[in-house]
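Heads up, upload_38.txt below (compact mmCIF, C-alpha atoms):
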# COMPACT_ATOMS: atom_id res chain seq x y z
CA MET A 1 -67.67 -4.33 -52.49
CA ALA A 2 -66.55 -1.32 -50.46
CA HIS A 3 -63.08 -1.57 -51.92
CA VAL A 4 -64.57 -1.28 -55.43
CA THR A 5 -67.22 1.39 -55.05
CA GLU A 6 -65.24 3.69 -52.81
CA GLN A 7 -61.51 3.90 -53.41
CA VAL A 8 -59.75 5.55 -50.50
CA VAL A 9 -56.53 7.43 -50.93
CA GLY A 10 -54.41 9.28 -48.44
CA GLY A 11 -54.45 13.03 -48.35
CA ARG A 12 -52.97 15.64 -46.05
CA SER A 13 -54.65 18.33 -44.10
CA PRO A 14 -53.10 21.81 -44.11
CA ASP A 15 -51.36 21.11 -40.79
CA GLY A 16 -49.60 18.09 -42.28
CA ASP A 17 -51.63 15.33 -40.62
CA ALA A 18 -52.63 12.41 -42.80
CA ASP A 19 -56.27 12.18 -43.74
CA GLU A 20 -58.42 9.87 -45.83
CA ILE A 21 -60.14 10.97 -49.01
CA GLU A 22 -62.72 8.90 -50.87
CA LEU A 23 -62.98 8.85 -54.63
CA ASN A 24 -66.41 7.33 -55.12
CA HIS A 25 -66.31 6.60 -58.83
CA LEU A 26 -69.55 4.59 -58.78
CA ALA A 27 -71.55 7.52 -57.42
CA SER A 28 -69.89 9.87 -59.93
CA ILE A 29 -71.02 7.55 -62.73
CA GLY A 30 -74.62 7.79 -61.52
CA VAL A 31 -74.48 11.58 -61.29
CA MET A 32 -72.97 11.91 -64.76
CA VAL A 33 -75.50 9.57 -66.35
CA LEU A 34 -78.34 11.69 -64.96
CA ALA A 35 -76.76 15.11 -65.57
CA GLY A 36 -75.31 14.25 -68.96
CA GLY A 37 -78.53 12.62 -70.10
CA GLY A 38 -80.59 15.58 -68.92
CA LEU A 39 -78.36 18.14 -70.64
CA THR A 40 -78.29 16.11 -73.85
CA TRP A 41 -82.09 15.80 -73.91
CA ALA A 42 -82.47 19.52 -73.16
CA ALA A 43 -80.09 20.44 -75.98
CA HIS A 44 -82.23 18.47 -78.41
CA SER A 45 -85.43 20.03 -77.05
CA GLY A 46 -84.59 23.71 -77.45
CA ALA A 47 -82.76 26.72 -76.07
CA LEU A 48 -85.10 27.26 -73.10
CA PRO A 49 -84.96 23.63 -71.87
CA LEU A 50 -81.17 23.74 -72.18
CA LEU A 51 -81.03 26.97 -70.15
CA ILE A 52 -83.15 25.35 -67.43
CA ALA A 53 -80.96 22.24 -67.41
CA VAL A 54 -77.83 24.38 -67.15
CA ALA A 55 -79.36 26.29 -64.21
CA VAL A 56 -80.14 23.00 -62.44
CA VAL A 57 -76.56 21.77 -62.82
CA GLN A 58 -75.26 25.14 -61.63
CA ALA A 59 -77.43 24.81 -58.52
CA LEU A 60 -75.99 21.36 -57.83
CA LEU A 61 -72.48 22.76 -58.15
CA ALA A 62 -73.23 25.64 -55.77
CA VAL A 63 -74.78 23.51 -53.02
CA PRO A 64 -71.47 22.63 -51.28
CA GLY A 65 -70.46 26.32 -51.17
CA ARG A 66 -70.25 28.22 -47.91
CA ASN A 67 -71.61 31.64 -47.05
CA GLY A 68 -69.90 34.25 -49.20
CA GLY A 69 -68.60 31.71 -51.70
CA LEU A 70 -72.12 30.43 -52.24
CA VAL A 71 -73.41 33.96 -52.85
CA ILE A 72 -70.62 34.71 -55.34
CA ALA A 73 -71.24 31.44 -57.19
CA ALA A 74 -74.98 32.12 -57.34
CA LEU A 75 -74.42 35.64 -58.68
CA ALA A 76 -71.96 34.36 -61.29
CA ALA A 77 -74.39 31.67 -62.41
CA ALA A 78 -77.28 34.14 -62.66
CA GLY A 79 -75.12 36.66 -64.49
CA ALA A 80 -73.90 34.08 -67.01
CA ASP A 81 -77.40 32.74 -67.64
CA VAL A 82 -78.83 36.22 -68.16
CA THR A 83 -75.93 37.14 -70.42
CA VAL A 84 -76.39 34.22 -72.80
CA SER A 85 -80.12 34.92 -72.88
CA VAL A 86 -79.91 38.65 -73.59
CA TRP A 87 -76.92 38.43 -75.97
CA PRO A 88 -77.37 34.99 -77.52
CA HIS A 89 -74.89 35.63 -80.32
CA GLY A 90 -72.21 37.33 -78.24
CA ARG A 91 -70.02 34.19 -78.23
CA LEU A 92 -67.78 33.89 -75.16
CA GLY A 93 -66.96 37.58 -75.01
CA THR A 94 -70.09 38.39 -73.04
CA LEU A 95 -69.26 35.71 -70.46
CA LEU A 96 -65.86 37.33 -69.88
CA ILE A 97 -67.74 40.31 -68.42
CA VAL A 98 -69.15 38.06 -65.70
CA LEU A 99 -65.68 36.73 -64.89
CA GLY A 100 -64.26 40.26 -64.81
CA LEU A 101 -66.93 41.44 -62.37
CA ALA A 102 -66.50 38.35 -60.19
CA LEU A 103 -62.83 39.10 -59.55
CA PRO A 104 -63.25 42.27 -57.44
CA VAL A 105 -66.20 40.66 -55.68
CA MET A 106 -63.93 37.82 -54.57
CA PHE A 107 -61.46 40.31 -53.12
CA VAL A 108 -64.25 42.14 -51.29
CA HIS A 109 -65.42 38.80 -49.93
CA GLN A 110 -61.99 38.18 -48.39
CA LEU A 111 -61.89 41.66 -46.87
CA MET A 112 -65.32 41.15 -45.30
CA ARG A 113 -64.06 38.09 -43.44
CA GLY A 114 -62.20 40.44 -41.08
CA ALA A 115 -60.08 38.81 -38.42
CA ALA A 116 -61.28 35.39 -39.52
CA ARG A 117 -59.18 35.62 -42.70
CA MET A 118 -57.16 32.41 -42.91
CA ARG A 119 -55.91 30.40 -45.90
CA ILE A 120 -56.76 33.32 -48.18
CA VAL A 121 -55.14 31.86 -51.30
CA GLU A 122 -56.87 28.52 -50.79
CA SER A 123 -60.23 30.21 -50.25
CA MET A 124 -59.93 32.46 -53.29
CA SER A 125 -58.79 29.61 -55.54
CA ASP A 126 -61.76 27.48 -54.47
CA VAL A 127 -64.22 30.27 -55.17
CA ALA A 128 -62.51 31.12 -58.46
CA MET A 129 -62.76 27.51 -59.64
CA LEU A 130 -66.45 27.45 -58.76
CA VAL A 131 -67.06 30.73 -60.59
CA VAL A 132 -65.30 29.45 -63.73
CA ALA A 133 -67.46 26.32 -63.64
CA MET A 134 -70.62 28.40 -63.25
CA VAL A 135 -69.70 30.62 -66.18
CA GLY A 136 -68.43 27.73 -68.29
CA LEU A 137 -71.67 25.75 -68.37
CA PRO A 138 -73.68 28.38 -70.32
CA ALA A 139 -71.06 28.09 -73.09
CA PHE A 140 -73.03 25.04 -74.26
CA LEU A 141 -76.01 27.35 -74.75
CA GLN A 142 -73.84 29.81 -76.65
CA LEU A 143 -72.71 26.93 -78.84
CA ARG A 144 -76.33 26.18 -79.67
CA HIS A 145 -76.92 29.83 -80.54
CA GLU A 146 -73.84 29.78 -82.77
CA PHE A 147 -75.27 26.95 -84.87
CA THR A 148 -78.88 28.12 -84.67
CA SER A 149 -79.00 28.66 -88.44
CA SER A 150 -78.48 24.93 -88.88
CA ALA A 151 -81.48 22.62 -88.69
CA SER A 152 -79.43 20.22 -86.58
CA ALA A 153 -78.27 22.75 -83.95
CA GLY A 154 -79.89 20.84 -81.10
CA SER A 155 -78.48 17.51 -82.27
CA LEU A 156 -75.03 19.04 -82.64
CA VAL A 157 -74.88 20.44 -79.13
CA GLY A 158 -76.50 17.29 -77.76
CA GLY A 159 -73.77 15.25 -79.45
CA VAL A 160 -71.05 17.44 -77.96
CA ILE A 161 -72.48 17.09 -74.45
CA ALA A 162 -73.01 13.35 -74.93
CA ALA A 163 -69.38 12.94 -76.03
CA GLY A 164 -68.12 14.69 -72.89
CA ALA A 165 -70.51 12.92 -70.51
CA GLY A 166 -69.90 9.51 -72.10
CA ALA A 167 -66.15 10.02 -71.89
CA LEU A 168 -66.43 10.79 -68.18
CA VAL A 169 -68.56 7.70 -67.53
CA ILE A 170 -66.26 5.28 -69.34
CA GLY A 171 -63.26 6.87 -67.61
CA TYR A 172 -64.76 6.21 -64.19
CA VAL A 173 -65.66 2.64 -65.21
CA VAL A 174 -62.12 1.88 -66.37
CA ASP A 175 -60.63 3.38 -63.22
CA LEU A 176 -62.96 1.22 -61.13
CA VAL A 177 -61.62 -1.89 -62.84
CA MET A 178 -57.98 -1.04 -63.49
CA PRO A 179 -56.62 2.47 -62.75
CA ALA A 180 -53.31 2.01 -64.55
CA PRO A 181 -50.79 3.29 -65.32
CA ARG A 182 -51.48 5.78 -62.55
CA PHE A 183 -50.52 9.41 -62.75
CA ASP A 184 -49.75 9.15 -59.02
CA ALA A 185 -49.52 6.02 -56.92
CA ALA A 186 -51.85 7.47 -54.27
CA VAL A 187 -54.66 8.58 -56.61
CA PRO A 188 -56.71 5.88 -58.41
CA ARG A 189 -56.80 7.57 -61.82
CA GLY A 190 -54.92 6.03 -64.74
CA LEU A 191 -53.89 6.75 -68.31
CA LEU A 192 -55.92 3.81 -69.61
CA ALA A 193 -59.11 5.64 -68.60
CA VAL A 194 -58.02 8.68 -70.62
CA VAL A 195 -57.48 6.49 -73.69
CA ALA A 196 -60.90 4.89 -73.22
CA SER A 197 -62.49 8.34 -72.84
CA ALA A 198 -60.90 9.51 -76.08
CA GLY A 199 -62.15 6.39 -77.86
CA LEU A 200 -65.73 6.67 -76.64
CA GLY A 201 -65.80 10.42 -77.23
CA GLY A 202 -64.67 9.86 -80.81
CA SER A 203 -67.27 7.13 -81.29
CA ILE A 204 -70.09 9.33 -80.03
CA GLY A 205 -68.80 12.16 -82.20
CA HIS A 206 -68.87 9.85 -85.19
CA LEU A 207 -72.46 8.79 -84.48
CA THR A 208 -73.85 12.23 -83.71
CA LEU A 209 -71.70 14.76 -85.59
CA ASP A 210 -70.14 13.08 -88.62
CA GLY A 211 -72.10 13.51 -91.81
CA THR A 212 -73.66 16.82 -90.81
CA SER A 213 -73.11 19.92 -92.90
CA GLN A 214 -71.04 21.46 -90.13
CA PHE A 215 -68.71 18.49 -89.55
CA PRO A 216 -68.04 16.74 -92.88
CA GLY A 217 -65.21 14.33 -93.58
CA GLY A 218 -64.84 12.79 -90.14
CA ARG A 219 -64.44 16.10 -88.31
CA GLY A 220 -67.11 15.06 -85.82
CA SER A 221 -65.05 12.05 -84.78
CA VAL A 222 -62.00 14.24 -84.28
CA ALA A 223 -64.00 16.73 -82.22
CA GLY A 224 -65.50 13.97 -80.06
CA ALA A 225 -62.13 12.34 -79.44
CA ALA A 226 -60.57 15.68 -78.53
CA LEU A 227 -63.40 16.51 -76.14
CA GLY A 228 -63.22 13.05 -74.57
CA THR A 229 -59.49 13.40 -73.99
CA LEU A 230 -59.77 16.89 -72.51
CA VAL A 231 -62.64 16.10 -70.16
CA ALA A 232 -60.77 12.98 -69.00
CA PHE A 233 -57.75 15.08 -68.06
CA PHE A 234 -60.07 17.55 -66.31
CA ALA A 235 -61.45 14.63 -64.29
CA VAL A 236 -57.93 13.57 -63.32
CA ALA A 237 -57.19 17.12 -62.18
CA VAL A 238 -60.37 17.15 -60.08
CA ALA A 239 -59.31 13.83 -58.51
CA PHE A 240 -56.04 15.43 -57.42
CA LEU A 241 -58.05 18.37 -56.08
CA GLU A 242 -60.12 15.95 -54.00
CA PHE A 243 -56.95 14.26 -52.80
CA SER A 244 -55.47 17.53 -51.56
CA THR A 245 -58.70 18.75 -49.92
CA PRO A 246 -59.54 16.69 -46.81
CA LEU A 247 -63.11 16.60 -45.58
CA PRO A 248 -63.96 18.98 -42.73
CA GLU A 249 -64.83 17.56 -39.33
CA GLY A 250 -68.37 16.28 -39.30
CA GLY A 251 -68.45 16.58 -43.09
CA ALA A 252 -71.08 13.94 -43.79
CA ALA A 253 -72.88 16.19 -46.25
CA ALA A 254 -69.63 17.11 -47.99
CA ARG A 255 -68.77 13.42 -48.30
CA ARG A 256 -72.08 12.73 -50.05
CA LEU A 257 -71.70 15.70 -52.40
CA ARG A 258 -68.13 15.02 -53.47
CA PRO A 259 -69.05 12.50 -56.19
CA ALA A 260 -71.42 15.04 -57.73
CA MET A 261 -68.75 17.73 -57.75
CA ALA A 262 -66.20 15.29 -59.20
CA ALA A 263 -68.54 14.53 -62.09
CA LEU A 264 -70.08 17.96 -62.79
CA LEU A 265 -66.97 20.10 -62.48
CA PRO A 266 -65.06 18.55 -65.44
CA LEU A 267 -68.13 18.76 -67.70
CA SER A 268 -68.65 22.41 -66.72
CA LEU A 269 -65.04 23.29 -67.49
CA LEU A 270 -65.41 21.58 -70.87
CA GLY A 271 -68.09 24.06 -72.02
CA PRO A 272 -65.84 26.93 -73.22
CA VAL A 273 -63.33 24.49 -74.72
CA ALA A 274 -66.09 22.70 -76.62
CA PHE A 275 -67.34 26.04 -77.96
CA LEU A 276 -63.92 27.07 -79.26
CA LEU A 277 -63.10 23.62 -80.65
CA CYS A 278 -66.37 23.29 -82.56
CA LEU A 279 -65.98 26.75 -84.08
CA ALA A 280 -62.40 25.98 -85.09
CA ILE A 281 -63.08 22.57 -86.61
CA ARG A 282 -66.42 23.15 -88.34
CA ALA A 283 -66.55 23.49 -92.12
How does the structure come out when it is put into structure tokens?
Amino acid sequence: MAHVTEQVVGGRSPDGDADEIELNHLASIGVMVLAGGGLTWAAHSGALPLLIAVAVVQALLAVPGRNGGLVIAALAAAGADVTVSVWPHGRLGTLLIVLGLALPVMFVHQLMRGAARMRIVESMSDVAMLVVAMVGLPAFLQLRHEFTSSASAGSLVGGVIAAGAGALVIGYVVDLVMPAPRFDAAVPRGLLAVVASAGLGGSIGHLTLDGTSQFPGGRGSVAGAALGTLVAFFAVAVAFLEFSTPLPEGGAAARRLRPAMAALLPLSLLGPVAFLLCLAIRA
């Protein structure tokens, strides 16, 4: 079963030596079922439960961080959560302030490394990706605030999250069975999984969004399919990121946390896109 649950692909370390990278799709499925289910339930329950669920997912994303990167990610997460709580109807503009403040902090972080500064571009890009994910998650809360005048605001946001999470799960399942046609021969992610993600996302959108006052005439199905497709491509991008980032020596903890990152990062990046898409497509 090892060849099914953990697909191993070849990567390269920065010095050019071959390395082995695991894409543990089965573990990512488990993480996404728990995280997606928790976020969906919280969205139905209210703004405060959703904020708490978002904070929990942010904490899981920050765990693999190191030293300064962990501090920056934690500050970005706290800033984004406070922002959406204090200015609940500020749309995504208020979150841009957090991103703007994070940029100089990242430069200061590199300067504080002193003589140990190595792979600066790689380090900054890793921290920047983590910051974007931290700031992106609260966009789901902003989406709930945007539709707060509707009686079905919780159901709407829950449906959006369920469409993204379900699309990720079915994508991992398909890639476990048949990752074809592959985007790259070395990475077990295929186009068939993207198609399946779009189909399931559209189906969940039809069940949860269609027929509401905000998404009449099949617009919910279109939104779900679009979200499923986008989050599937995000997951493929994260797989390539895993492929190009070998595990550090003695990285047992990093190995165990990779499936969680692979699942949570695409869903986090989907938040701002989901916000903009729902506002654009609603009646």
Between A:Ala42, A:Ile204, A:Ala47, A:Ala226, which is the closest to A:Gly166 once you count all atoms listed in the file? A:Ile204
Would you work out the distance separating atom CA of A:Thr40 from atom CA of A:Leu137, expressed in Å to one decimal?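 So the two atoms, atom CA of A:Thr40 and atom CA of A:Leu137, lie 12.9 Å apart.
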Nearby residues (only C-alpha atoms) at most 12 Å from A:Val71, same-chain spacing under 3 positions excluded, as a PDB file with C-alpha atoms, in the coordinates of the input:
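This is the output file out.pdb:
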ATOM      1  CA  ALA A  59     -77.430  24.810 -58.520  1.00  0.00           C
ATOM      2  CA  ALA A  62     -73.230  25.640 -55.770  1.00  0.00           C
ATOM      3  CA  VAL A  63     -74.780  23.510 -53.020  1.00  0.00           C
ATOM      4  CA  PRO A  64     -71.470  22.630 -51.280  1.00  0.00           C
ATOM      5  CA  GLY A  65     -70.460  26.320 -51.170  1.00  0.00           C
ATOM      6  CA  ARG A  66     -70.250  28.220 -47.910  1.00  0.00           C
ATOM      7  CA  ASN A  67     -71.610  31.640 -47.050  1.00  0.00           C
ATOM      8  CA  GLY A  68     -69.900  34.250 -49.200  1.00  0.00           C
ATOM      9  CA  ALA A  74     -74.980  32.120 -57.340  1.00  0.00           C
ATOM     10  CA  LEU A  75     -74.420  35.640 -58.680  1.00  0.00           C
ATOM     11  CA  ALA A  76     -71.960  34.360 -61.290  1.00  0.00           C
ATOM     12  CA  ALA A  77     -74.390  31.670 -62.410  1.00  0.00           C
ATOM     13  CA  ALA A  78     -77.280  34.140 -62.660  1.00  0.00           C
ATOM     14  CA  ALA A 102     -66.500  38.350 -60.190  1.00  0.00           C
ATOM     15  CA  VAL A 105     -66.200  40.660 -55.680  1.00  0.00           C
ATOM     16  CA  MET A 106     -63.930  37.820 -54.570  1.00  0.00           C
ATOM     17  CA  HIS A 109     -65.420  38.800 -49.930  1.00  0.00           C
ATOM     18  CA  VAL A 127     -64.220  30.270 -55.170  1.00  0.00           C
ATOM     19  CA  LEU A 130     -66.450  27.450 -58.760  1.00  0.00           C
ATOM     20  CA  VAL A 131     -67.060  30.730 -60.590  1.00  0.00           C
TER      21      VAL A 131
END
Nearest to A:Asp126, restricted to all atoms listed in the file and choosing among A:Leu267, A:Gly37, A:Ala239, A:Leu70, comes out as A:Leu70
Pick from A:Phe183, A:Trp87, A:Phe275, A:Tyr172 nearest to A:Leu227, counting all atoms listed in the file: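 Comparing A:Phe183, A:Trp87, A:Phe275, A:Tyr172 against A:Leu227, the winner is A:Phe275.
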Provide the atom CA of A:His206 to atom CA of A:Ala223 distance in Å, to one decimal place.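 These two atoms are separated by 8.9 Å.
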Have a look at atom CA of A:Ile281 and atom CA of A:Asp210 and let me know their distance in Å, one decimal.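 These atoms are spaced 12.0 Å apart.
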Do a neighbour search on A:Asp81 at 8 Å with only C-alpha atoms, toss out local chain neighbours closer than 2 positions, and write the hits as an MDAnalysis selection string. chainID A and resid 51 55 77:79 83:85 138
In terms of the shortest atom-to-atom distance over only C-alpha atoms, which of A:Ala232, A:Ala43, A:Met112, A:Leu207 is closest to A:His145?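 Nearest candidate to A:His145 out of A:Ala232, A:Ala43, A:Met112, A:Leu207: A:Ala43.
In terms of minimum interatomic distance to A:Ser268, A:Ala235 ranks closest within A:Val82, A:Met178, A:Ala235, A:Val173, counting only C-alpha atoms.
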Tell me, as a ChimeraX atom specification, which residues lie within 6 Å of A:Ala193, counting all atoms listed in the file; anything in the same chain fewer than 2 positions away does not count. /A:171,174,190-191,195-196
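Each of A:Pro188, A:Pro259, A:Gly69, A:Pro216 was checked against A:Ser125 using only C-alpha atoms; the smallest atom-to-atom distance is that of A:Gly69.
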(-86.2, 21.6, -79.0) in this file's frame - what residues fall within 12 Å of it? Use all atoms listed in the file and give the answer as a list in words. Leu39, Thr40, Trp41, Ala42, Ala43, His44, Ser45, Gly46, Ala47, Leu48, Pro49, Leu50, Leu51, Arg144, Thr148, Ala151, Ser152, Ala153, Gly154, Ser155, Val157 and Gly158 of chain A
What's the 12 Å shell around A:Ala237, counting all atoms listed in the file, without same-chain residues fewer than 5 positions away, as number ranges by chain? A: 183-184, 187-190, 194, 230-232, 242-244, 262-263, 265-266, 269
Residue neighbourhood A:Pro272, 9 Å, all atoms listed in the file, exclusion window fewer than 4 positions, as an NGL selection string: :A and (92 or 135-140 or 143 or 268 or 276-277)
